[in-house]
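Content type mmCIF, C-alpha atoms; chains and numbers go by the auth columns, from the file run.cif:
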```cif
data_model
loop_
_atom_site.group_PDB
_atom_site.id
_atom_site.type_symbol
_atom_site.label_atom_id
_atom_site.label_comp_id
_atom_site.label_asym_id
_atom_site.label_seq_id
_atom_site.Cartn_x
_atom_site.Cartn_y
_atom_site.Cartn_z
_atom_site.B_iso_or_equiv
_atom_site.auth_seq_id
_atom_site.auth_asym_id
ATOM 1 C CA MET A 1 0.000 0.000 0.000 0.00 1 A
ATOM 2 C CA GLY A 2 2.850 2.369 0.874 0.00 2 A
ATOM 3 C CA ASN A 3 4.414 1.823 -2.558 0.00 3 A
ATOM 4 C CA ALA A 4 1.078 2.582 -4.238 0.00 4 A
ATOM 5 C CA TYR A 5 0.807 5.868 -2.382 0.00 5 A
ATOM 6 C CA ARG A 6 4.370 6.798 -3.294 0.00 6 A
ATOM 7 C CA LEU A 7 3.767 6.018 -6.961 0.00 7 A
ATOM 8 C CA ALA A 8 0.587 8.127 -6.935 0.00 8 A
ATOM 9 C CA ALA A 9 2.465 11.013 -5.346 0.00 9 A
ATOM 10 C CA GLN A 10 5.173 10.806 -8.012 0.00 10 A
ATOM 11 C CA ARG A 11 2.754 11.203 -10.918 0.00 11 A
ATOM 12 C CA LYS A 12 2.934 14.537 -12.684 0.00 12 A
ATOM 13 C CA LEU A 13 0.322 16.143 -14.936 0.00 13 A
ATOM 14 C CA GLY A 14 3.004 17.587 -17.167 0.00 14 A
ATOM 15 C CA ALA A 15 2.721 20.754 -19.225 0.00 15 A
ATOM 16 C CA ALA A 16 -0.599 22.600 -19.523 0.00 16 A
ATOM 17 C CA VAL A 17 -2.011 22.416 -23.035 0.00 17 A
ATOM 18 C CA GLU A 18 -5.352 24.220 -22.951 0.00 18 A
ATOM 19 C CA ARG A 19 -7.869 25.654 -20.510 0.00 19 A
ATOM 20 C CA HIS A 20 -11.662 25.520 -20.407 0.00 20 A
ATOM 21 C CA GLU A 21 -13.745 27.701 -18.075 0.00 21 A
ATOM 22 C CA SER A 22 -17.370 28.335 -17.237 0.00 22 A
ATOM 23 C CA PRO A 23 -18.589 31.952 -17.543 0.00 23 A
ATOM 24 C CA THR A 24 -18.813 34.251 -14.530 0.00 24 A
ATOM 25 C CA PRO A 25 -22.386 34.133 -13.089 0.00 25 A
ATOM 26 C CA ILE A 26 -23.222 37.755 -13.920 0.00 26 A
ATOM 27 C CA ARG A 27 -26.975 37.512 -13.290 0.00 27 A
ATOM 28 C CA PRO A 28 -26.791 36.094 -9.737 0.00 28 A
ATOM 29 C CA ILE A 29 -24.128 38.650 -8.830 0.00 29 A
ATOM 30 C CA ALA A 30 -26.312 41.468 -10.195 0.00 30 A
ATOM 31 C CA VAL A 31 -29.288 40.231 -8.150 0.00 31 A
ATOM 32 C CA ILE A 32 -27.183 40.008 -4.990 0.00 32 A
ATOM 33 C CA PHE A 33 -25.839 43.507 -5.574 0.00 33 A
ATOM 34 C CA ALA A 34 -29.344 44.910 -6.201 0.00 34 A
ATOM 35 C CA ILE A 35 -30.775 43.353 -3.028 0.00 35 A
ATOM 36 C CA PHE A 36 -27.930 44.001 -0.614 0.00 36 A
ATOM 37 C CA GLY A 37 -25.247 46.128 -2.256 0.00 37 A
ATOM 38 C CA LEU A 38 -27.276 49.141 -3.376 0.00 38 A
ATOM 39 C CA PRO A 39 -29.113 49.594 -0.033 0.00 39 A
ATOM 40 C CA GLY A 40 -25.780 49.102 1.729 0.00 40 A
ATOM 41 C CA ILE A 41 -24.135 51.849 -0.326 0.00 41 A
ATOM 42 C CA ALA A 42 -27.104 54.168 0.242 0.00 42 A
ATOM 43 C CA LEU A 43 -26.932 53.604 4.007 0.00 43 A
ATOM 44 C CA ALA A 44 -23.145 53.825 4.282 0.00 44 A
ATOM 45 C CA SER A 45 -22.921 56.975 2.162 0.00 45 A
ATOM 46 C CA GLY A 46 -25.778 58.763 3.909 0.00 46 A
ATOM 47 C CA PHE A 47 -27.777 59.012 0.691 0.00 47 A
ATOM 48 C CA GLN A 48 -31.528 59.096 1.428 0.00 48 A
ATOM 49 C CA SER A 49 -30.774 59.335 5.185 0.00 49 A
ATOM 50 C CA ALA A 50 -32.209 62.782 5.839 0.00 50 A
ATOM 51 C CA PRO A 51 -35.549 63.186 7.683 0.00 51 A
ATOM 52 C CA GLY A 52 -38.387 62.075 5.433 0.00 52 A
ATOM 53 C CA GLU A 53 -36.129 60.060 3.106 0.00 53 A
ATOM 54 C CA VAL A 54 -36.113 56.291 2.583 0.00 54 A
ATOM 55 C CA PHE A 55 -33.338 55.540 5.110 0.00 55 A
ATOM 56 C CA ALA A 56 -34.003 58.427 7.476 0.00 56 A
ATOM 57 C CA GLY A 57 -32.187 57.862 10.762 0.00 57 A
ATOM 58 C CA ASP A 58 -28.966 58.165 12.666 0.00 58 A
ATOM 59 C CA ARG A 59 -25.999 58.419 10.288 0.00 59 A
ATOM 60 C CA MET A 60 -23.711 56.267 12.415 0.00 60 A
ATOM 61 C CA THR A 61 -26.294 53.513 12.753 0.00 61 A
ATOM 62 C CA ASN A 62 -27.082 53.682 9.040 0.00 62 A
ATOM 63 C CA GLY A 63 -23.390 53.589 8.208 0.00 63 A
ATOM 64 C CA THR A 64 -22.849 50.483 10.322 0.00 64 A
ATOM 65 C CA ILE A 65 -25.851 48.720 8.763 0.00 65 A
ATOM 66 C CA GLY A 66 -24.709 49.801 5.287 0.00 66 A
ATOM 67 C CA ALA A 67 -21.180 48.484 5.774 0.00 67 A
ATOM 68 C CA THR A 68 -22.603 45.183 7.019 0.00 68 A
ATOM 69 C CA LEU A 69 -24.861 44.856 3.957 0.00 69 A
ATOM 70 C CA ILE A 70 -21.984 45.629 1.584 0.00 70 A
ATOM 71 C CA ALA A 71 -19.762 43.049 3.288 0.00 71 A
ATOM 72 C CA PHE A 72 -22.562 40.469 3.189 0.00 72 A
ATOM 73 C CA ALA A 73 -23.160 41.143 -0.518 0.00 73 A
ATOM 74 C CA ALA A 74 -19.437 40.692 -1.224 0.00 74 A
ATOM 75 C CA VAL A 75 -19.272 37.388 0.665 0.00 75 A
ATOM 76 C CA VAL A 76 -22.393 36.011 -1.040 0.00 76 A
ATOM 77 C CA ALA A 77 -21.103 37.093 -4.474 0.00 77 A
ATOM 78 C CA VAL A 78 -17.782 35.321 -3.884 0.00 78 A
ATOM 79 C CA MET A 79 -19.658 32.185 -2.781 0.00 79 A
ATOM 80 C CA ALA A 80 -21.828 32.343 -5.907 0.00 80 A
ATOM 81 C CA VAL A 81 -18.768 32.662 -8.143 0.00 81 A
ATOM 82 C CA ARG A 82 -17.008 29.750 -6.431 0.00 82 A
ATOM 83 C CA LYS A 83 -20.075 27.522 -6.605 0.00 83 A
ATOM 84 C CA ALA A 84 -20.813 28.284 -10.256 0.00 84 A
ATOM 85 C CA THR A 85 -17.243 28.259 -11.545 0.00 85 A
ATOM 86 C CA LEU A 86 -15.790 25.193 -13.216 0.00 86 A
ATOM 87 C CA ARG A 87 -12.305 25.302 -14.666 0.00 87 A
ATOM 88 C CA VAL A 88 -10.617 22.400 -16.419 0.00 88 A
ATOM 89 C CA THR A 89 -7.012 22.618 -17.556 0.00 89 A
ATOM 90 C CA VAL A 90 -5.781 19.950 -19.959 0.00 90 A
ATOM 91 C CA HIS A 91 -2.233 18.737 -19.307 0.00 91 A
ATOM 92 C CA ASP A 92 -0.105 16.181 -21.112 0.00 92 A
ATOM 93 C CA ASN A 93 -0.990 13.436 -18.628 0.00 93 A
ATOM 94 C CA GLY A 94 -4.465 14.394 -17.461 0.00 94 A
ATOM 95 C CA LEU A 95 -6.784 17.128 -16.234 0.00 95 A
ATOM 96 C CA ARG A 96 -6.663 19.653 -13.417 0.00 96 A
ATOM 97 C CA TRP A 97 -10.302 19.932 -12.347 0.00 97 A
ATOM 98 C CA VAL A 98 -11.314 22.980 -10.251 0.00 98 A
ATOM 99 C CA GLU A 99 -14.946 23.001 -9.130 0.00 99 A
ATOM 100 C CA LYS A 100 -16.600 24.875 -6.253 0.00 100 A
ATOM 101 C CA GLY A 101 -13.222 26.037 -5.042 0.00 101 A
ATOM 102 C CA LYS A 102 -11.770 22.513 -4.844 0.00 102 A
ATOM 103 C CA THR A 103 -8.923 21.272 -7.045 0.00 103 A
ATOM 104 C CA ARG A 104 -8.417 17.693 -8.180 0.00 104 A
ATOM 105 C CA ASP A 105 -5.803 16.230 -10.487 0.00 105 A
ATOM 106 C CA VAL A 106 -7.269 13.538 -12.748 0.00 106 A
ATOM 107 C CA PHE A 107 -4.804 11.428 -14.727 0.00 107 A
ATOM 108 C CA TRP A 108 -5.893 9.776 -17.961 0.00 108 A
ATOM 109 C CA GLU A 109 -5.516 6.339 -16.404 0.00 109 A
ATOM 110 C CA ASP A 110 -7.845 7.404 -13.555 0.00 110 A
ATOM 111 C CA ILE A 111 -10.769 7.739 -15.974 0.00 111 A
ATOM 112 C CA VAL A 112 -12.811 4.562 -16.383 0.00 112 A
ATOM 113 C CA SER A 113 -15.310 5.827 -18.932 0.00 113 A
ATOM 114 C CA ILE A 114 -16.856 8.784 -20.721 0.00 114 A
ATOM 115 C CA THR A 115 -20.437 8.944 -21.949 0.00 115 A
ATOM 116 C CA GLY A 116 -22.046 11.721 -23.948 0.00 116 A
ATOM 117 C CA SER A 117 -23.654 12.785 -27.188 0.00 117 A
ATOM 118 C CA HIS A 118 -22.441 11.783 -30.637 0.00 118 A
ATOM 119 C CA ARG A 119 -21.064 15.036 -32.079 0.00 119 A
ATOM 120 C CA ARG A 120 -20.437 14.044 -35.666 0.00 120 A
ATOM 121 C CA GLY A 121 -22.781 13.678 -38.593 0.00 121 A
ATOM 122 C CA GLY A 122 -24.289 17.154 -38.385 0.00 122 A
ATOM 123 C CA VAL A 123 -24.678 17.515 -34.603 0.00 123 A
ATOM 124 C CA THR A 124 -22.976 20.810 -33.742 0.00 124 A
ATOM 125 C CA ASN A 125 -25.112 22.460 -31.041 0.00 125 A
ATOM 126 C CA GLU A 126 -22.935 22.557 -27.914 0.00 126 A
ATOM 127 C CA SER A 127 -25.920 23.230 -25.632 0.00 127 A
ATOM 128 C CA ALA A 128 -27.175 19.706 -26.366 0.00 128 A
ATOM 129 C CA HIS A 129 -24.047 18.031 -25.060 0.00 129 A
ATOM 130 C CA VAL A 130 -23.417 16.610 -21.600 0.00 130 A
ATOM 131 C CA TYR A 131 -20.388 14.414 -20.924 0.00 131 A
ATOM 132 C CA ARG A 132 -19.931 12.302 -17.810 0.00 132 A
ATOM 133 C CA LEU A 133 -16.559 11.008 -16.673 0.00 133 A
ATOM 134 C CA VAL A 134 -16.489 8.098 -14.236 0.00 134 A
ATOM 135 C CA LEU A 135 -13.284 7.684 -12.242 0.00 135 A
ATOM 136 C CA HIS A 136 -11.769 4.599 -10.618 0.00 136 A
ATOM 137 C CA ASP A 137 -12.942 5.760 -7.194 0.00 137 A
ATOM 138 C CA GLY A 138 -16.549 5.925 -8.441 0.00 138 A
ATOM 139 C CA GLN A 139 -16.724 9.719 -8.545 0.00 139 A
ATOM 140 C CA GLU A 140 -18.481 11.264 -11.519 0.00 140 A
ATOM 141 C CA LEU A 141 -17.377 14.512 -13.165 0.00 141 A
ATOM 142 C CA VAL A 142 -19.763 16.329 -15.499 0.00 142 A
ATOM 143 C CA MET A 143 -18.841 18.541 -18.452 0.00 143 A
ATOM 144 C CA THR A 144 -21.556 20.644 -20.125 0.00 144 A
ATOM 145 C CA ASN A 145 -21.820 23.618 -22.467 0.00 145 A
ATOM 146 C CA LEU A 146 -21.070 25.831 -19.453 0.00 146 A
ATOM 147 C CA LEU A 147 -17.431 25.029 -20.201 0.00 147 A
ATOM 148 C CA SER A 148 -15.840 26.936 -23.052 0.00 148 A
ATOM 149 C CA GLU A 149 -15.169 24.732 -26.103 0.00 149 A
ATOM 150 C CA VAL A 150 -16.582 21.696 -24.337 0.00 150 A
ATOM 151 C CA LEU A 151 -16.625 19.718 -27.595 0.00 151 A
ATOM 152 C CA ALA A 152 -12.861 20.038 -28.014 0.00 152 A
ATOM 153 C CA LEU A 153 -12.379 19.003 -24.394 0.00 153 A
ATOM 154 C CA ALA A 154 -14.592 15.929 -24.807 0.00 154 A
ATOM 155 C CA GLU A 155 -12.731 14.925 -27.975 0.00 155 A
ATOM 156 C CA ARG A 156 -9.379 15.185 -26.177 0.00 156 A
ATOM 157 C CA VAL A 157 -10.618 12.960 -23.326 0.00 157 A
ATOM 158 C CA GLU A 158 -12.032 10.451 -25.823 0.00 158 A
ATOM 159 C CA ARG A 159 -8.750 10.276 -27.757 0.00 159 A
ATOM 160 C CA GLU A 160 -6.814 9.656 -24.568 0.00 160 A
ATOM 161 C CA LEU A 161 -9.233 6.952 -23.436 0.00 161 A
ATOM 162 C CA VAL A 162 -8.990 5.195 -26.794 0.00 162 A
ATOM 163 C CA ALA A 163 -5.204 5.239 -26.450 0.00 163 A
ATOM 164 C CA HIS A 164 -5.351 3.860 -22.893 0.00 164 A
ATOM 165 C CA LEU A 165 -8.281 1.451 -23.064 0.00 165 A
ATOM 166 C CA LEU A 166 -8.165 0.018 -26.584 0.00 166 A
ATOM 167 C CA PRO A 167 -4.996 -2.091 -26.044 0.00 167 A
ATOM 168 C CA ARG A 168 -6.487 -3.557 -22.871 0.00 168 A
ATOM 169 C CA ALA A 169 -9.806 -4.332 -24.595 0.00 169 A
ATOM 170 C CA THR A 170 -7.971 -5.930 -27.515 0.00 170 A
ATOM 171 C CA ASP A 171 -5.932 -8.106 -25.146 0.00 171 A
ATOM 172 C CA ASP A 172 -9.101 -9.136 -23.275 0.00 172 A
ATOM 173 C CA LEU A 173 -10.815 -10.253 -26.484 0.00 173 A
ATOM 174 C CA ALA A 174 -7.732 -12.140 -27.625 0.00 174 A
ATOM 175 C CA ALA A 175 -7.666 -13.936 -24.269 0.00 175 A
ATOM 176 C CA GLY A 176 -11.341 -14.868 -24.563 0.00 176 A
ATOM 177 C CA ARG A 177 -12.588 -12.354 -22.013 0.00 177 A
ATOM 178 C CA PRO A 178 -15.733 -10.336 -22.871 0.00 178 A
ATOM 179 C CA VAL A 179 -15.564 -6.530 -22.867 0.00 179 A
ATOM 180 C CA GLN A 180 -18.490 -4.534 -21.530 0.00 180 A
ATOM 181 C CA PHE A 181 -19.692 -1.233 -23.010 0.00 181 A
ATOM 182 C CA GLY A 182 -22.740 -0.466 -20.903 0.00 182 A
ATOM 183 C CA PRO A 183 -25.618 -2.468 -22.404 0.00 183 A
ATOM 184 C CA LEU A 184 -23.350 -4.018 -25.047 0.00 184 A
ATOM 185 C CA THR A 185 -21.115 -7.033 -24.446 0.00 185 A
ATOM 186 C CA VAL A 186 -18.430 -7.714 -27.029 0.00 186 A
ATOM 187 C CA THR A 187 -16.560 -10.996 -27.437 0.00 187 A
ATOM 188 C CA LYS A 188 -13.987 -12.031 -30.029 0.00 188 A
ATOM 189 C CA ASP A 189 -16.699 -13.174 -32.430 0.00 189 A
ATOM 190 C CA SER A 190 -20.003 -11.627 -31.276 0.00 190 A
ATOM 191 C CA VAL A 191 -21.799 -8.660 -29.769 0.00 191 A
ATOM 192 C CA ARG A 192 -24.719 -8.993 -27.360 0.00 192 A
ATOM 193 C CA LEU A 193 -27.480 -6.567 -26.403 0.00 193 A
ATOM 194 C CA GLY A 194 -29.876 -7.954 -23.812 0.00 194 A
ATOM 195 C CA ASP A 195 -30.858 -11.461 -24.934 0.00 195 A
ATOM 196 C CA ARG A 196 -29.924 -10.859 -28.577 0.00 196 A
ATOM 197 C CA THR A 197 -26.540 -11.785 -30.043 0.00 197 A
ATOM 198 C CA LEU A 198 -25.043 -11.012 -33.448 0.00 198 A
ATOM 199 C CA PRO A 199 -21.901 -12.498 -34.967 0.00 199 A
ATOM 200 C CA LEU A 200 -18.909 -10.316 -35.758 0.00 200 A
ATOM 201 C CA PRO A 201 -17.959 -8.798 -38.056 0.00 201 A
ATOM 202 C CA SER A 202 -21.281 -6.980 -38.543 0.00 202 A
ATOM 203 C CA ARG A 203 -21.917 -3.670 -40.252 0.00 203 A
ATOM 204 C CA ILE A 204 -22.045 -0.747 -37.783 0.00 204 A
ATOM 205 C CA VAL A 205 -23.659 2.595 -38.590 0.00 205 A
ATOM 206 C CA ILE A 206 -24.074 5.671 -36.353 0.00 206 A
ATOM 207 C CA GLU A 207 -27.001 7.868 -37.301 0.00 207 A
ATOM 208 C CA ASP A 208 -29.036 10.410 -35.316 0.00 208 A
ATOM 209 C CA GLY A 209 -27.280 9.476 -32.097 0.00 209 A
ATOM 210 C CA THR A 210 -27.982 5.739 -32.467 0.00 210 A
ATOM 211 C CA ILE A 211 -25.487 2.917 -32.924 0.00 211 A
ATOM 212 C CA SER A 212 -26.914 0.276 -35.274 0.00 212 A
ATOM 213 C CA ILE A 213 -25.131 -3.071 -35.458 0.00 213 A
ATOM 214 C CA GLY A 214 -26.094 -5.505 -38.185 0.00 214 A
ATOM 215 C CA GLU A 215 -28.806 -5.105 -40.805 0.00 215 A
ATOM 216 C CA GLY A 216 -32.457 -5.878 -41.344 0.00 216 A
ATOM 217 C CA ALA A 217 -34.388 -7.823 -38.725 0.00 217 A
ATOM 218 C CA ALA A 218 -31.186 -8.867 -36.971 0.00 218 A
ATOM 219 C CA ARG A 219 -30.088 -5.284 -36.299 0.00 219 A
ATOM 220 C CA LEU A 220 -29.248 -4.144 -32.774 0.00 220 A
ATOM 221 C CA ASP A 221 -29.933 -0.479 -31.938 0.00 221 A
ATOM 222 C CA VAL A 222 -28.646 1.360 -28.875 0.00 222 A
ATOM 223 C CA GLU A 223 -28.399 5.078 -28.072 0.00 223 A
ATOM 224 C CA TRP A 224 -24.878 6.436 -28.317 0.00 224 A
ATOM 225 C CA LYS A 225 -25.190 8.330 -25.019 0.00 225 A
ATOM 226 C CA LYS A 226 -25.944 5.061 -23.192 0.00 226 A
ATOM 227 C CA VAL A 227 -22.687 3.441 -24.310 0.00 227 A
ATOM 228 C CA PRO A 228 -19.638 4.249 -22.155 0.00 228 A
ATOM 229 C CA ASN A 229 -16.446 4.675 -24.174 0.00 229 A
ATOM 230 C CA ALA A 230 -18.339 4.441 -27.461 0.00 230 A
ATOM 231 C CA TRP A 231 -15.257 5.537 -29.413 0.00 231 A
ATOM 232 C CA VAL A 232 -13.291 2.669 -27.897 0.00 232 A
ATOM 233 C CA LEU A 233 -16.075 0.344 -29.058 0.00 233 A
ATOM 234 C CA LEU A 234 -15.864 1.718 -32.604 0.00 234 A
ATOM 235 C CA ALA A 235 -12.085 1.472 -32.629 0.00 235 A
ATOM 236 C CA LEU A 236 -12.399 -2.143 -31.489 0.00 236 A
ATOM 237 C CA LEU A 237 -14.814 -2.878 -34.346 0.00 237 A
ATOM 238 C CA GLU A 238 -13.314 -0.355 -36.762 0.00 238 A
ATOM 239 C CA PRO A 239 -13.192 -2.485 -39.916 0.00 239 A
ATOM 240 C CA THR A 240 -17.004 -2.628 -40.069 0.00 240 A
ATOM 241 C CA SER A 241 -18.001 0.769 -38.614 0.00 241 A
ATOM 242 C CA THR A 242 -19.360 3.839 -40.412 0.00 242 A
ATOM 243 C CA ASN A 243 -19.588 7.133 -38.489 0.00 243 A
#
```

How does this structure look as structure tokens?
Amino acid sequence: MGNAYRLAAQRKLGAAVERHESPTPIRPIAVIFAIFGLPGIALASGFQSAPGEVFAGDRMTNGTIGATLIAFAAVVAVMAVRKATLRVTVHDNGLRWVEKGKTRDVFWEDIVSITGSHRRGGVTNESAHVYRLVLHDGQELVMTNLLSEVLALAERVERELVAHLLPRATDDLAAGRPVQFGPLTVTKDSVRLGDRTLPLPSRIVIEDGTISIGEGAARLDVEWKKVPNAWVLLALLEPTSTN
């Protein structure tokens, strides 16, 4: 166990390649400022504090209340920014994931699977895409259109997972061990979905977010977004796939 911890500590993310960030939550900050900040400024500055005005009263008391409101607005705004902010930096060997003020280093080999929308074949609307990363410890990380250039980020993760997982999947099939892709089970000479099995090689087509294996009445259909590591699956069955 001690050796495992030392090896983990020795891992390095390497050089930063690109950065993806969520936008600053302007609307919540504006609401917070309108509710607490503006009254706080009015009280602290003495504006509208004369007899008959909105905040008529003792200047010192008003100033104290105003300063408290301004400080409260600042604290709440910082909390809103921290909670809403997601920043992912791509490095040579993995990701630096900063969410809700917490930082986590995720190495490529720590990622078990990625699921998400099929982006090719005319699908270009980023707002429709949600990508879920499952890690070895069971934690799930979610990437959405809130991240800048989320499609490029998802493609980078997918390429890395193909590079890391495809050799292992190929070795498993060669050794007679089945490989699981969510609802699909692949063996050296077949693919199974539920209680239906088709021999391999079979023609594979991806259309409108659906993976179709085989043809005619024997065809198996499954939604792309329900298949973890779908690009690894296609690479495994590449000679017969069309995407």

If you count all atoms listed in the file, which residues fall within 10 Å of Asn229 (chain A), apart from same-chain ones fewer than 3 positions away, as an MDAnalysis selection string? chainID A and resid 112:116 133 158 161:162 165:166 180:182 224:226 232:234

Can I get the selection written as a PDB file, keeping the file's coordinate frame, with C-alpha atoms?
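Result file again.pdb:
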```pdb
ATOM      1  CA  VAL A 112     -12.811   4.562 -16.383  1.00  0.00           C
ATOM      2  CA  SER A 113     -15.310   5.827 -18.932  1.00  0.00           C
ATOM      3  CA  ILE A 114     -16.856   8.784 -20.721  1.00  0.00           C
ATOM      4  CA  THR A 115     -20.437   8.944 -21.949  1.00  0.00           C
ATOM      5  CA  GLY A 116     -22.046  11.721 -23.948  1.00  0.00           C
ATOM      6  CA  LEU A 133     -16.559  11.008 -16.673  1.00  0.00           C
ATOM      7  CA  GLU A 158     -12.032  10.451 -25.823  1.00  0.00           C
ATOM      8  CA  LEU A 161      -9.233   6.952 -23.436  1.00  0.00           C
ATOM      9  CA  VAL A 162      -8.990   5.195 -26.794  1.00  0.00           C
ATOM     10  CA  LEU A 165      -8.281   1.451 -23.064  1.00  0.00           C
ATOM     11  CA  LEU A 166      -8.165   0.018 -26.584  1.00  0.00           C
ATOM     12  CA  GLN A 180     -18.490  -4.534 -21.530  1.00  0.00           C
ATOM     13  CA  PHE A 181     -19.692  -1.233 -23.010  1.00  0.00           C
ATOM     14  CA  GLY A 182     -22.740  -0.466 -20.903  1.00  0.00           C
ATOM     15  CA  TRP A 224     -24.878   6.436 -28.317  1.00  0.00           C
ATOM     16  CA  LYS A 225     -25.190   8.330 -25.019  1.00  0.00           C
ATOM     17  CA  LYS A 226     -25.944   5.061 -23.192  1.00  0.00           C
ATOM     18  CA  VAL A 232     -13.291   2.669 -27.897  1.00  0.00           C
ATOM     19  CA  LEU A 233     -16.075   0.344 -29.058  1.00  0.00           C
ATOM     20  CA  LEU A 234     -15.864   1.718 -32.604  1.00  0.00           C
TER      21      LEU A 234
END
```

Where does the PyMOL selection byres ((chain A and resi 192) around 12) land in this file, that is, which residues does it pick, as number ranges by chain? A: 178-191, 193-200, 202, 213-214, 218-222

Convert the current residue selection to file output with C-alpha atoms, as a PDB file, in the coordinates of the input.
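again-v9.pdb, written as the output of this step:
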```pdb
ATOM      1  CA  PRO A 178     -15.733 -10.336 -22.871  1.00  0.00           C
ATOM      2  CA  VAL A 179     -15.564  -6.530 -22.867  1.00  0.00           C
ATOM      3  CA  GLN A 180     -18.490  -4.534 -21.530  1.00  0.00           C
ATOM      4  CA  PHE A 181     -19.692  -1.233 -23.010  1.00  0.00           C
ATOM      5  CA  GLY A 182     -22.740  -0.466 -20.903  1.00  0.00           C
ATOM      6  CA  PRO A 183     -25.618  -2.468 -22.404  1.00  0.00           C
ATOM      7  CA  LEU A 184     -23.350  -4.018 -25.047  1.00  0.00           C
ATOM      8  CA  THR A 185     -21.115  -7.033 -24.446  1.00  0.00           C
ATOM      9  CA  VAL A 186     -18.430  -7.714 -27.029  1.00  0.00           C
ATOM     10  CA  THR A 187     -16.560 -10.996 -27.437  1.00  0.00           C
ATOM     11  CA  LYS A 188     -13.987 -12.031 -30.029  1.00  0.00           C
ATOM     12  CA  ASP A 189     -16.699 -13.174 -32.430  1.00  0.00           C
ATOM     13  CA  SER A 190     -20.003 -11.627 -31.276  1.00  0.00           C
ATOM     14  CA  VAL A 191     -21.799  -8.660 -29.769  1.00  0.00           C
ATOM     15  CA  LEU A 193     -27.480  -6.567 -26.403  1.00  0.00           C
ATOM     16  CA  GLY A 194     -29.876  -7.954 -23.812  1.00  0.00           C
ATOM     17  CA  ASP A 195     -30.858 -11.461 -24.934  1.00  0.00           C
ATOM     18  CA  ARG A 196     -29.924 -10.859 -28.577  1.00  0.00           C
ATOM     19  CA  THR A 197     -26.540 -11.785 -30.043  1.00  0.00           C
ATOM     20  CA  LEU A 198     -25.043 -11.012 -33.448  1.00  0.00           C
ATOM     21  CA  PRO A 199     -21.901 -12.498 -34.967  1.00  0.00           C
ATOM     22  CA  LEU A 200     -18.909 -10.316 -35.758  1.00  0.00           C
ATOM     23  CA  SER A 202     -21.281  -6.980 -38.543  1.00  0.00           C
ATOM     24  CA  ILE A 213     -25.131  -3.071 -35.458  1.00  0.00           C
ATOM     25  CA  GLY A 214     -26.094  -5.505 -38.185  1.00  0.00           C
ATOM     26  CA  ALA A 218     -31.186  -8.867 -36.971  1.00  0.00           C
ATOM     27  CA  ARG A 219     -30.088  -5.284 -36.299  1.00  0.00           C
ATOM     28  CA  LEU A 220     -29.248  -4.144 -32.774  1.00  0.00           C
ATOM     29  CA  ASP A 221     -29.933  -0.479 -31.938  1.00  0.00           C
ATOM     30  CA  VAL A 222     -28.646   1.360 -28.875  1.00  0.00           C
TER      31      VAL A 222
END
```

Assuming the chain letters and numbering stay as they are in my file, what does the PyMOL selection byres ((chain A and resi 104) around 12) actually select? List them as a ChimeraX atom specification. /A:13,86-89,94-103,105-107,110,135,139,141

With C-alpha atoms retained, export the selected residues as an mmCIF file, in the frame of the given file.
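Saved to again02.cif:
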```
data_model
loop_
_atom_site.group_PDB
_atom_site.id
_atom_site.type_symbol
_atom_site.label_atom_id
_atom_site.label_comp_id
_atom_site.auth_asym_id
_atom_site.auth_seq_id
_atom_site.Cartn_x
_atom_site.Cartn_y
_atom_site.Cartn_z
ATOM 1 C CA LEU A 13 0.322 16.143 -14.936
ATOM 2 C CA LEU A 86 -15.790 25.193 -13.216
ATOM 3 C CA ARG A 87 -12.305 25.302 -14.666
ATOM 4 C CA VAL A 88 -10.617 22.400 -16.419
ATOM 5 C CA THR A 89 -7.012 22.618 -17.556
ATOM 6 C CA GLY A 94 -4.465 14.394 -17.461
ATOM 7 C CA LEU A 95 -6.784 17.128 -16.234
ATOM 8 C CA ARG A 96 -6.663 19.653 -13.417
ATOM 9 C CA TRP A 97 -10.302 19.932 -12.347
ATOM 10 C CA VAL A 98 -11.314 22.980 -10.251
ATOM 11 C CA GLU A 99 -14.946 23.001 -9.130
ATOM 12 C CA LYS A 100 -16.600 24.875 -6.253
ATOM 13 C CA GLY A 101 -13.222 26.037 -5.042
ATOM 14 C CA LYS A 102 -11.770 22.513 -4.844
ATOM 15 C CA THR A 103 -8.923 21.272 -7.045
ATOM 16 C CA ASP A 105 -5.803 16.230 -10.487
ATOM 17 C CA VAL A 106 -7.269 13.538 -12.748
ATOM 18 C CA PHE A 107 -4.804 11.428 -14.727
ATOM 19 C CA ASP A 110 -7.845 7.404 -13.555
ATOM 20 C CA LEU A 135 -13.284 7.684 -12.242
ATOM 21 C CA GLN A 139 -16.724 9.719 -8.545
ATOM 22 C CA LEU A 141 -17.377 14.512 -13.165
#
```

Can you list every residue of region 119-222 of chain A that has an atom at most 6 Å from region 14-36 of chain A, with its nearest atom pair and the distance in Å to one decimal, using only C-alpha atoms, ordered by chain then number, as JSON lines?
```
{"residue": "A:Leu146", "atom": "CA", "partner": "A:Ser22", "partner_atom": "CA", "distance": 5.0}
{"residue": "A:Leu147", "atom": "CA", "partner": "A:Ser22", "partner_atom": "CA", "distance": 4.4}
{"residue": "A:Ser148", "atom": "CA", "partner": "A:His20", "partner_atom": "CA", "distance": 5.1}
```

Residues from last step as file, C-alpha atoms, as an mmCIF file, in the coordinates of the input:
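Writing done, so here's result-v9.cif:
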```
data_model
loop_
_atom_site.group_PDB
_atom_site.id
_atom_site.type_symbol
_atom_site.label_atom_id
_atom_site.label_comp_id
_atom_site.auth_asym_id
_atom_site.auth_seq_id
_atom_site.Cartn_x
_atom_site.Cartn_y
_atom_site.Cartn_z
ATOM 1 C CA LEU A 146 -21.070 25.831 -19.453
ATOM 2 C CA LEU A 147 -17.431 25.029 -20.201
ATOM 3 C CA SER A 148 -15.840 26.936 -23.052
#
```

Could you work out how far CA of Arg168 (chain A) lies from CA of Ile111 (chain A), giving the answer in Å with one decimal? 13.9 Å

Long-range neighbours of Val130 (chain A) as number ranges by chain, 10 Å cut-off, all atoms listed in the file, 3 positions minimum in chain: A: 115-117, 126-127, 142-146, 150-151, 154, 225
